[in-house]
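Shown below: model_12.cif, with mmCIF, C-alpha atoms.
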```
data_my_file
#
loop_
_atom_site.label_atom_id
_atom_site.label_comp_id
_atom_site.auth_asym_id
_atom_site.auth_seq_id
_atom_site.Cartn_x
_atom_site.Cartn_y
_atom_site.Cartn_z
CA MET I 1 -63.19 23.94 6.92
CA ARG I 2 -60.23 23.51 4.59
CA TRP I 3 -57.11 25.52 3.90
CA ARG I 4 -55.44 26.38 0.66
CA CYS I 5 -52.08 27.80 -0.35
CA THR I 6 -52.24 31.53 -1.09
CA TRP I 7 -49.72 31.09 -3.91
CA CYS I 8 -50.67 27.99 -5.90
CA GLY I 9 -54.15 27.35 -4.43
CA LYS I 10 -53.56 23.75 -3.44
CA PRO I 11 -56.02 22.63 -0.74
CA HIS I 12 -54.80 21.24 2.59
CA ALA I 13 -56.68 19.58 5.41
CA GLU I 14 -54.92 21.67 8.10
CA ASN I 15 -53.33 25.09 8.44
CA ASP I 16 -49.82 23.62 8.50
CA PRO I 17 -47.57 25.41 6.01
CA PRO I 18 -45.37 25.22 4.04
CA CYS I 19 -47.30 24.07 1.01
CA ASP I 20 -46.26 20.57 -0.03
CA GLU I 21 -46.81 21.59 -3.66
CA CYS I 22 -44.89 24.85 -4.01
CA GLY I 23 -43.32 25.42 -0.60
CA HIS I 24 -45.13 28.67 0.09
CA ASN I 25 -45.47 29.53 3.77
CA SER I 26 -48.93 31.10 3.85
CA PHE I 27 -52.37 29.40 3.87
CA GLU I 28 -55.87 30.89 3.81
CA GLU I 29 -59.27 29.53 4.68
CA ALA I 30 -61.03 27.92 1.75
CA VAL I 31 -64.81 27.51 1.37
CA VAL I 32 -65.58 23.98 0.21
CA ARG I 33 -68.78 23.70 -1.74
CA GLU I 34 -70.96 20.65 -1.48
CA GLY I 35 -69.78 17.98 -3.91
CA ASP I 36 -66.24 19.33 -3.99
CA ASP I 37 -64.93 17.08 -1.19
CA GLU I 38 -63.96 14.24 -3.49
CA SER I 39 -62.11 16.40 -6.00
CA ALA I 40 -60.35 18.28 -3.18
CA SER I 41 -59.30 15.01 -1.55
CA SER I 42 -57.95 13.70 -4.84
CA SER I 43 -55.96 16.89 -5.33
CA ALA I 44 -54.57 16.74 -1.79
CA GLY I 45 -53.55 13.11 -2.36
CA GLY I 46 -51.36 14.05 -5.29
CA ILE I 47 -53.67 12.71 -8.07
CA ASP I 48 -54.06 16.13 -9.63
CA SER I 49 -53.20 15.89 -13.32
CA GLY I 50 -52.28 19.57 -13.57
CA PRO I 51 -48.72 20.92 -13.79
CA SER I 52 -46.38 20.75 -10.80
CA TYR I 53 -44.36 23.73 -9.68
CA VAL I 54 -40.86 24.07 -8.27
CA TRP I 55 -38.59 26.92 -7.23
CA ALA I 56 -35.79 27.51 -9.73
CA CYS I 57 -32.55 29.36 -9.07
CA THR I 58 -32.32 32.48 -11.21
CA SER I 59 -28.54 32.01 -11.50
CA CYS I 60 -27.87 28.34 -12.30
CA GLY I 61 -31.39 27.00 -12.90
CA ARG I 62 -31.27 24.37 -10.16
CA GLU I 63 -34.85 23.35 -9.21
CA HIS I 64 -35.94 23.11 -5.56
CA VAL I 65 -39.08 21.60 -4.07
CA LYS I 66 -39.59 24.50 -1.64
CA ASN I 67 -38.92 28.20 -1.64
CA ASN I 68 -36.03 27.84 0.77
CA PRO I 69 -33.09 29.96 -0.46
CA PRO I 70 -30.18 30.05 -0.94
CA CYS I 71 -29.68 27.73 -3.93
CA SER I 72 -28.23 24.38 -2.83
CA ARG I 73 -25.97 24.33 -5.89
CA CYS I 74 -24.55 27.84 -6.31
CA GLY I 75 -25.75 29.69 -3.20
CA ASP I 76 -27.74 32.35 -5.07
CA PRO I 77 -30.39 33.87 -2.74
CA THR I 78 -33.10 34.29 -5.39
CA LEU I 79 -35.52 31.49 -6.30
CA GLU I 80 -38.54 31.91 -8.56
CA LYS I 81 -41.62 29.78 -9.12
CA ALA I 82 -41.55 27.69 -12.30
CA GLU I 83 -43.32 24.72 -13.79
CA GLN I 84 -41.45 21.55 -12.92
CA THR I 85 -39.35 19.91 -15.63
CA TYR I 86 -37.01 16.96 -15.48
CA ASP I 87 -34.13 18.35 -17.51
CA ASP I 88 -31.94 18.52 -14.42
CA VAL I 89 -32.46 14.92 -13.31
CA ASP I 90 -30.03 13.23 -15.70
CA ARG I 91 -27.43 15.90 -15.03
CA ASP I 92 -27.67 15.43 -11.26
CA LEU I 93 -27.46 11.63 -11.53
CA ASP I 94 -24.33 11.60 -13.66
CA ALA I 95 -21.63 9.85 -11.61
CA PRO I 96 -17.93 10.41 -12.21
CA GLY I 97 -15.97 7.54 -13.76
CA TRP I 98 -13.33 5.57 -11.86
CA LEU I 99 -10.59 7.66 -13.42
CA GLY I 100 -12.11 10.86 -12.06
CA VAL I 101 -12.34 9.36 -8.57
CA ALA I 102 -8.81 7.96 -8.64
CA LYS I 103 -7.12 10.96 -10.25
CA PRO I 104 -6.27 12.78 -6.96
CA TYR I 105 -4.54 9.62 -5.67
CA LEU I 106 -2.50 8.81 -8.79
CA PRO I 107 0.69 10.61 -7.58
CA VAL I 108 0.66 8.60 -4.33
CA VAL I 109 0.15 5.34 -6.22
CA ALA I 110 3.00 6.22 -8.59
CA VAL I 111 5.38 6.83 -5.66
CA VAL I 112 4.47 3.52 -4.00
CA VAL I 113 4.98 1.62 -7.27
CA LEU I 114 8.33 3.35 -7.84
CA ILE I 115 9.60 2.50 -4.34
CA GLY I 116 8.48 -1.12 -4.77
CA ALA I 117 10.31 -1.33 -8.10
CA LEU I 118 13.52 0.05 -6.57
CA PHE I 119 13.46 -2.56 -3.81
CA ALA I 120 12.54 -5.39 -6.22
CA THR I 121 15.38 -4.60 -8.61
CA GLY I 122 17.91 -4.17 -5.79
CA ILE I 123 18.66 -0.55 -6.63
CA VAL I 124 17.58 0.38 -3.11
CA SER I 125 18.30 -1.98 -0.22
CA PRO I 126 15.70 -2.47 2.55
CA THR I 127 18.48 -1.69 5.02
CA MET I 128 18.39 1.92 3.79
CA ILE I 129 15.06 2.42 5.57
CA ASN I 130 15.26 4.49 8.76
CA GLY I 131 18.50 6.09 7.59
CA ILE I 132 20.58 2.87 7.53
CA VAL I 133 22.88 2.63 4.50
CA THR I 134 24.74 -0.67 4.20
CA PRO I 135 28.48 -0.20 3.64
CA ASP I 136 29.71 -1.31 0.22
CA PRO I 137 31.85 -4.47 0.43
CA PRO I 138 35.58 -3.99 -0.20
CA ASP I 139 37.03 -4.50 -3.67
CA ALA I 140 38.51 -7.97 -3.83
CA PRO I 141 39.85 -10.20 -6.60
CA GLY I 142 37.67 -13.06 -7.79
CA ASP I 143 33.90 -13.32 -7.96
CA GLY I 144 31.09 -13.58 -5.42
CA THR I 145 28.32 -14.27 -7.91
CA GLU I 146 29.40 -17.08 -10.26
CA ALA I 147 32.47 -19.26 -10.73
CA ALA I 148 33.16 -22.36 -12.86
CA GLY I 149 29.53 -22.39 -13.96
CA ILE I 150 28.28 -22.51 -10.35
CA ASP I 151 25.82 -19.88 -9.10
CA LEU I 152 27.32 -18.89 -5.75
CA GLU I 153 24.23 -16.98 -4.52
CA ARG I 154 22.04 -20.02 -5.22
CA THR I 155 24.60 -22.18 -3.37
CA GLU I 156 24.26 -19.91 -0.32
CA GLU I 157 20.50 -20.49 -0.31
CA LEU I 158 20.98 -24.27 -0.55
CA ILE I 159 23.46 -24.22 2.36
CA HIS I 160 20.84 -22.49 4.53
CA ASP I 161 18.16 -25.01 3.49
CA ARG I 162 20.39 -27.98 4.33
CA LEU I 163 21.30 -26.56 7.74
CA GLU I 164 17.61 -25.93 8.46
CA ASP I 165 16.85 -29.60 7.78
CA GLU I 166 19.39 -30.65 10.42
CA ARG I 167 18.52 -28.14 13.17
CA ALA I 168 15.89 -28.43 15.87
CA ASP I 169 15.42 -24.63 16.07
CA SER I 170 14.61 -22.80 12.86
CA ARG I 171 16.54 -19.70 11.75
CA THR I 172 15.70 -17.13 9.11
CA TYR I 173 18.10 -16.19 6.35
CA ASP I 174 18.85 -12.60 7.31
CA ASP I 175 19.80 -10.17 4.53
CA GLY I 176 21.62 -7.94 7.01
CA LEU I 177 23.76 -10.82 8.29
CA ALA I 178 24.37 -11.94 4.69
CA ALA I 179 25.66 -8.44 3.83
CA TYR I 180 27.78 -8.48 6.99
CA ALA I 181 29.26 -11.87 5.97
CA GLU I 182 29.95 -10.65 2.43
CA TYR I 183 31.79 -7.58 3.71
CA HIS I 184 34.10 -9.62 5.95
CA ASN I 185 34.65 -12.41 3.41
CA ARG I 186 35.76 -9.92 0.77
CA ALA I 187 37.87 -8.08 3.33
CA TYR I 188 39.81 -11.25 4.19
CA VAL I 189 40.32 -12.03 0.49
CA ALA I 190 41.48 -8.46 -0.24
CA ILE I 191 43.94 -8.58 2.67
CA GLU I 192 45.29 -12.02 1.72
CA TYR I 193 45.70 -11.41 -2.00
CA GLU I 194 46.42 -7.68 -2.15
CA ASP I 195 47.48 -6.75 1.37
CA ALA I 196 44.64 -4.18 1.31
CA ARG I 197 43.59 -1.92 4.17
CA VAL I 198 39.91 -2.40 5.04
CA GLU I 199 37.66 -0.20 7.15
CA ALA I 200 36.25 -1.84 10.28
CA VAL I 201 32.46 -2.16 10.51
CA SER I 202 29.92 -3.23 13.14
CA LEU I 203 26.57 -5.03 13.12
CA SER I 204 24.70 -1.73 13.51
CA ASP I 205 26.17 -0.56 10.18
CA PHE I 206 24.07 -3.29 8.57
CA GLY I 207 20.89 -2.62 10.55
CA ILE I 208 21.37 -5.74 12.69
CA ASP I 209 20.02 -5.77 16.25
CA CYS I 210 21.68 -8.88 17.67
CA ARG I 211 20.00 -9.58 21.02
CA GLY I 212 22.09 -12.71 21.75
CA ARG I 213 25.59 -13.99 21.08
CA LEU I 214 27.15 -13.36 17.67
CA GLU I 215 29.00 -16.28 16.06
CA GLU I 216 31.04 -15.42 12.98
CA GLY I 217 34.07 -16.45 11.02
CA GLN I 218 35.59 -17.71 7.80
CA LEU I 219 35.94 -21.47 7.34
CA PRO I 220 39.49 -22.59 8.23
CA TYR I 221 40.39 -23.51 4.67
CA ALA I 222 39.04 -22.99 1.18
CA LEU I 223 37.36 -25.56 -1.03
CA SER I 224 38.16 -26.03 -4.72
CA THR I 225 35.56 -25.55 -7.44
CA ALA I 226 37.29 -28.37 -9.35
CA ASN I 227 35.80 -30.87 -6.88
CA TYR I 228 32.15 -29.86 -7.42
CA ASP I 229 29.93 -30.07 -10.49
CA ASP I 230 27.00 -27.89 -9.44
CA GLU I 231 25.43 -25.79 -6.68
CA ALA I 232 23.99 -28.77 -4.80
CA ALA I 233 27.34 -30.58 -4.62
CA LEU I 234 29.18 -27.45 -3.45
CA ALA I 235 26.48 -26.79 -0.81
CA ASP I 236 26.95 -30.34 0.53
CA GLY I 237 30.70 -29.83 0.72
CA VAL I 238 30.34 -26.56 2.66
CA VAL I 239 27.80 -28.04 5.09
CA ASP I 240 30.15 -30.98 5.82
CA LEU I 241 32.76 -28.44 7.00
CA MET I 242 30.28 -26.37 9.02
CA ARG I 243 28.65 -29.17 11.06
CA SER I 244 31.31 -29.06 13.77
CA GLY I 245 30.51 -25.51 14.82
CA ASP I 246 28.13 -25.06 17.78
CA GLY I 247 26.92 -21.78 16.33
CA VAL I 248 25.86 -23.58 13.16
CA THR I 249 23.79 -26.43 14.56
CA GLY I 250 23.12 -25.31 18.15
CA SER I 251 20.02 -23.54 19.53
CA GLY I 252 19.40 -19.99 20.72
CA TYR I 253 19.98 -18.21 17.40
CA ASP I 254 17.39 -16.40 15.30
CA GLY I 255 19.04 -15.70 11.94
CA GLU I 256 22.09 -16.39 9.81
CA GLY I 257 23.95 -15.11 6.77
CA ILE I 258 26.39 -16.88 4.42
CA ASP I 259 28.79 -15.60 1.75
CA LEU I 260 30.84 -17.49 -0.83
CA HIS I 261 33.69 -15.87 -2.78
CA VAL I 262 35.91 -17.61 -5.33
CA VAL I 263 39.45 -16.63 -6.29
CA ASP I 264 41.48 -18.78 -8.73
CA GLY I 265 39.19 -21.76 -8.07
CA SER I 266 39.40 -21.46 -4.26
CA VAL I 267 36.06 -21.08 -2.47
CA TYR I 268 36.16 -18.91 0.64
CA VAL I 269 33.15 -19.19 2.98
CA PHE I 270 32.14 -16.75 5.72
CA TYR I 271 29.29 -17.52 8.16
CA ALA I 272 27.53 -15.25 10.67
CA THR I 273 24.65 -16.01 13.06
CA CYS I 274 23.10 -14.40 16.13
#
```

Output the file's structure in the form of structure tokens.
Amino acid sequence: MRWRCTWCGKPHAENDPPCDECGHNSFEEAVVREGDDESASSSAGGIDSGPSYVWACTSCGREHVKNNPPCSRCGDPTLEKAEQTYDDVDRDLDAPGWLGVAKPYLPVVAVVVLIGALFATGIVSPTMINGIVTPDPPDAPGDGTEAAGIDLERTEELIHDRLEDERADSRTYDDGLAAYAEYHNRAYVAIEYEDARVEAVSLSDFGIDCRGRLEEGQLPYALSTANYDDEAALADGVVDLMRSGDGVTGSGYDGEGIDLHVVDGSVYVFYATC
């Protein structure tokens, strides 16, 4: 005995709806005439050359294999039997481009890029993170960037490199300590040359968490730019004066900061480490 779908007539070996052709949920007994076994088996195996049927949504046209509302696309509860076509395949397989996928995240990316640009250009200091705003250094005569053709900021880097070569324990060049040194160096210059009043500051104002002993101070006397031709020569001259300090060459310190400021050819040096 065989079974067939009461809707599309497809034969099945067992009474086990739904129909794998149209999705209908009702079978009926079918009388198989002698000689029809082979054709029925071919049809059940999917070799039937006749049209295939699907269940199409009456609202959006989405085709479904079985009559199992609602529509998986629009939620409409009405599906109707229709001959299967493949018009919907290309539309369903269309994948969005990378721009469509990335579009919701573009504002976040823009903010990250903007913040990175502000830090890279120095408009925003890293010490401003977590609510820390580094105090502006006092106004002082002279220049802390360049003097007599010598790049003072580059000289500060070379001083750190030379000290590192001579020490057993390595130290990082700390931007917070460098800002702290710059503030005090300019303060001393402003007081000496202009008898200025300068606001007192602490390490915490520069985001510095000094877990050990702080060593700081201005070198006892100024050097003259007339005695040095370039950054390397000036760095050597400063290091020669700094070697005698235990805080400069000793151990137990994690970071350091250096500031050079020139007034009328005199080079003032402030050093801080902890």

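For the atom pair formed by atom CA of Thr225 of chain I and atom CA of Asp264 of chain I, the distance is 9.1 Å, given to one decimal.
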
The PyMOL selection byres ((chain I and resi 73-77) around 7) applied to the shown file, residues as an mmCIF file with C-alpha atoms, keeping the file's coordinate frame:
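The result, written out as out.cif:
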```cif
data_model
loop_
_atom_site.group_PDB
_atom_site.id
_atom_site.type_symbol
_atom_site.label_atom_id
_atom_site.label_comp_id
_atom_site.auth_asym_id
_atom_site.auth_seq_id
_atom_site.Cartn_x
_atom_site.Cartn_y
_atom_site.Cartn_z
ATOM 1 C CA CYS I 57 -32.550 29.360 -9.070
ATOM 2 C CA SER I 59 -28.540 32.010 -11.500
ATOM 3 C CA CYS I 60 -27.870 28.340 -12.300
ATOM 4 C CA ARG I 62 -31.270 24.370 -10.160
ATOM 5 C CA PRO I 69 -33.090 29.960 -0.460
ATOM 6 C CA PRO I 70 -30.180 30.050 -0.940
ATOM 7 C CA CYS I 71 -29.680 27.730 -3.930
ATOM 8 C CA SER I 72 -28.230 24.380 -2.830
ATOM 9 C CA THR I 78 -33.100 34.290 -5.390
ATOM 10 C CA LEU I 79 -35.520 31.490 -6.300
#
```

(request) Quick one: pull the distance between atom CA of Phe270 of chain I and atom CA of Glu182 of chain I, Å, one decimal. (result)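 Taking atom CA of Phe270 of chain I and atom CA of Glu182 of chain I, their separation equals 7.3 Å.
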
(request) Kindly resolve the PyMOL selection byres ((chain I and resi 28) around 8) on the present coordinates and return the residues as a PyMOL selection string. (result) chain I and resi 3-6+15+26-27+29-30

(request) Name the residues in contact with Asp20 of chain I at a cut-off of 8 Å, using all atoms listed in the file, excluding same-chain residues fewer than 3 positions from it; report them as a list in words. (result)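 Near neighbours after the sequence-gap exclusion: Pro17, Gly23 and Lys66 of chain I.
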
Just the selected residues (C-alpha atoms), exported as a PDB file, keeping the file's coordinate frame, please.
```pdb
ATOM      1  CA  PRO I  17     -47.570  25.410   6.010  1.00  0.00           C
ATOM      2  CA  GLY I  23     -43.320  25.420  -0.600  1.00  0.00           C
ATOM      3  CA  LYS I  66     -39.590  24.500  -1.640  1.00  0.00           C
TER       4      LYS I  66
END
```

Please provide the set of residues having any atom within 12 Å of segment 199-208 of chain I, restricted to only C-alpha atoms, with same-chain residues fewer than 4 positions apart removed, written as a PDB file with C-alpha atoms, in the frame of the given file.
```
ATOM      1  CA  SER I 125      18.300  -1.980  -0.220  1.00  0.00           C
ATOM      2  CA  PRO I 126      15.700  -2.470   2.550  1.00  0.00           C
ATOM      3  CA  THR I 127      18.480  -1.690   5.020  1.00  0.00           C
ATOM      4  CA  MET I 128      18.390   1.920   3.790  1.00  0.00           C
ATOM      5  CA  ILE I 129      15.060   2.420   5.570  1.00  0.00           C
ATOM      6  CA  ASN I 130      15.260   4.490   8.760  1.00  0.00           C
ATOM      7  CA  GLY I 131      18.500   6.090   7.590  1.00  0.00           C
ATOM      8  CA  ILE I 132      20.580   2.870   7.530  1.00  0.00           C
ATOM      9  CA  VAL I 133      22.880   2.630   4.500  1.00  0.00           C
ATOM     10  CA  THR I 134      24.740  -0.670   4.200  1.00  0.00           C
ATOM     11  CA  PRO I 135      28.480  -0.200   3.640  1.00  0.00           C
ATOM     12  CA  ASP I 136      29.710  -1.310   0.220  1.00  0.00           C
ATOM     13  CA  PRO I 137      31.850  -4.470   0.430  1.00  0.00           C
ATOM     14  CA  PRO I 138      35.580  -3.990  -0.200  1.00  0.00           C
ATOM     15  CA  ASP I 139      37.030  -4.500  -3.670  1.00  0.00           C
ATOM     16  CA  ASP I 174      18.850 -12.600   7.310  1.00  0.00           C
ATOM     17  CA  ASP I 175      19.800 -10.170   4.530  1.00  0.00           C
ATOM     18  CA  GLY I 176      21.620  -7.940   7.010  1.00  0.00           C
ATOM     19  CA  LEU I 177      23.760 -10.820   8.290  1.00  0.00           C
ATOM     20  CA  ALA I 178      24.370 -11.940   4.690  1.00  0.00           C
ATOM     21  CA  ALA I 179      25.660  -8.440   3.830  1.00  0.00           C
ATOM     22  CA  TYR I 180      27.780  -8.480   6.990  1.00  0.00           C
ATOM     23  CA  ALA I 181      29.260 -11.870   5.970  1.00  0.00           C
ATOM     24  CA  GLU I 182      29.950 -10.650   2.430  1.00  0.00           C
ATOM     25  CA  TYR I 183      31.790  -7.580   3.710  1.00  0.00           C
ATOM     26  CA  HIS I 184      34.100  -9.620   5.950  1.00  0.00           C
ATOM     27  CA  ARG I 186      35.760  -9.920   0.770  1.00  0.00           C
ATOM     28  CA  ALA I 187      37.870  -8.080   3.330  1.00  0.00           C
ATOM     29  CA  TYR I 188      39.810 -11.250   4.190  1.00  0.00           C
ATOM     30  CA  ALA I 190      41.480  -8.460  -0.240  1.00  0.00           C
ATOM     31  CA  ILE I 191      43.940  -8.580   2.670  1.00  0.00           C
ATOM     32  CA  GLY I 212      22.090 -12.710  21.750  1.00  0.00           C
ATOM     33  CA  LEU I 214      27.150 -13.360  17.670  1.00  0.00           C
ATOM     34  CA  GLU I 215      29.000 -16.280  16.060  1.00  0.00           C
ATOM     35  CA  GLU I 216      31.040 -15.420  12.980  1.00  0.00           C
ATOM     36  CA  ASP I 254      17.390 -16.400  15.300  1.00  0.00           C
ATOM     37  CA  GLY I 255      19.040 -15.700  11.940  1.00  0.00           C
ATOM     38  CA  GLU I 256      22.090 -16.390   9.810  1.00  0.00           C
ATOM     39  CA  GLY I 257      23.950 -15.110   6.770  1.00  0.00           C
ATOM     40  CA  ALA I 272      27.530 -15.250  10.670  1.00  0.00           C
ATOM     41  CA  THR I 273      24.650 -16.010  13.060  1.00  0.00           C
ATOM     42  CA  CYS I 274      23.100 -14.400  16.130  1.00  0.00           C
TER      43      CYS I 274
END
```

(message) For the PyMOL selection byres ((chain I and resi 55) around 9), applied here, can you spell out every residue it catches as a list in words?
(response) Cys22, Gly23, Tyr53, Val54, Ala56, Cys57, Arg62, Glu63, His64, Val65, Lys66, Asn67, Asn68, Leu79, Glu80, Lys81, Ala82, Glu83 and Gln84 of chain I

Would you pick out the contacts of Gly265 of chain I at 8 Å or less, using all atoms listed in the file, so that residues sharing its chain but fewer than 6 positions from it are not included, and give the list as a compact mmCIF listing (two decimals) with C-alpha atoms, keeping the file's coordinate frame?
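Listed below is the output, result_17.txt:
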```
# COMPACT_ATOMS: atom_id res chain seq x y z
CA ALA I 147 32.47 -19.26 -10.73
CA ALA I 148 33.16 -22.36 -12.86
CA SER I 224 38.16 -26.03 -4.72
CA THR I 225 35.56 -25.55 -7.44
CA ALA I 226 37.29 -28.37 -9.35
```

(message) I'd like the interatomic distance between atom CA of Val269 of chain I and atom CA of Gly142 of chain I, to a tenth of an Å.
(response)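 For atom CA of Val269 of chain I relative to atom CA of Gly142 of chain I, the distance reads 13.2 Å.
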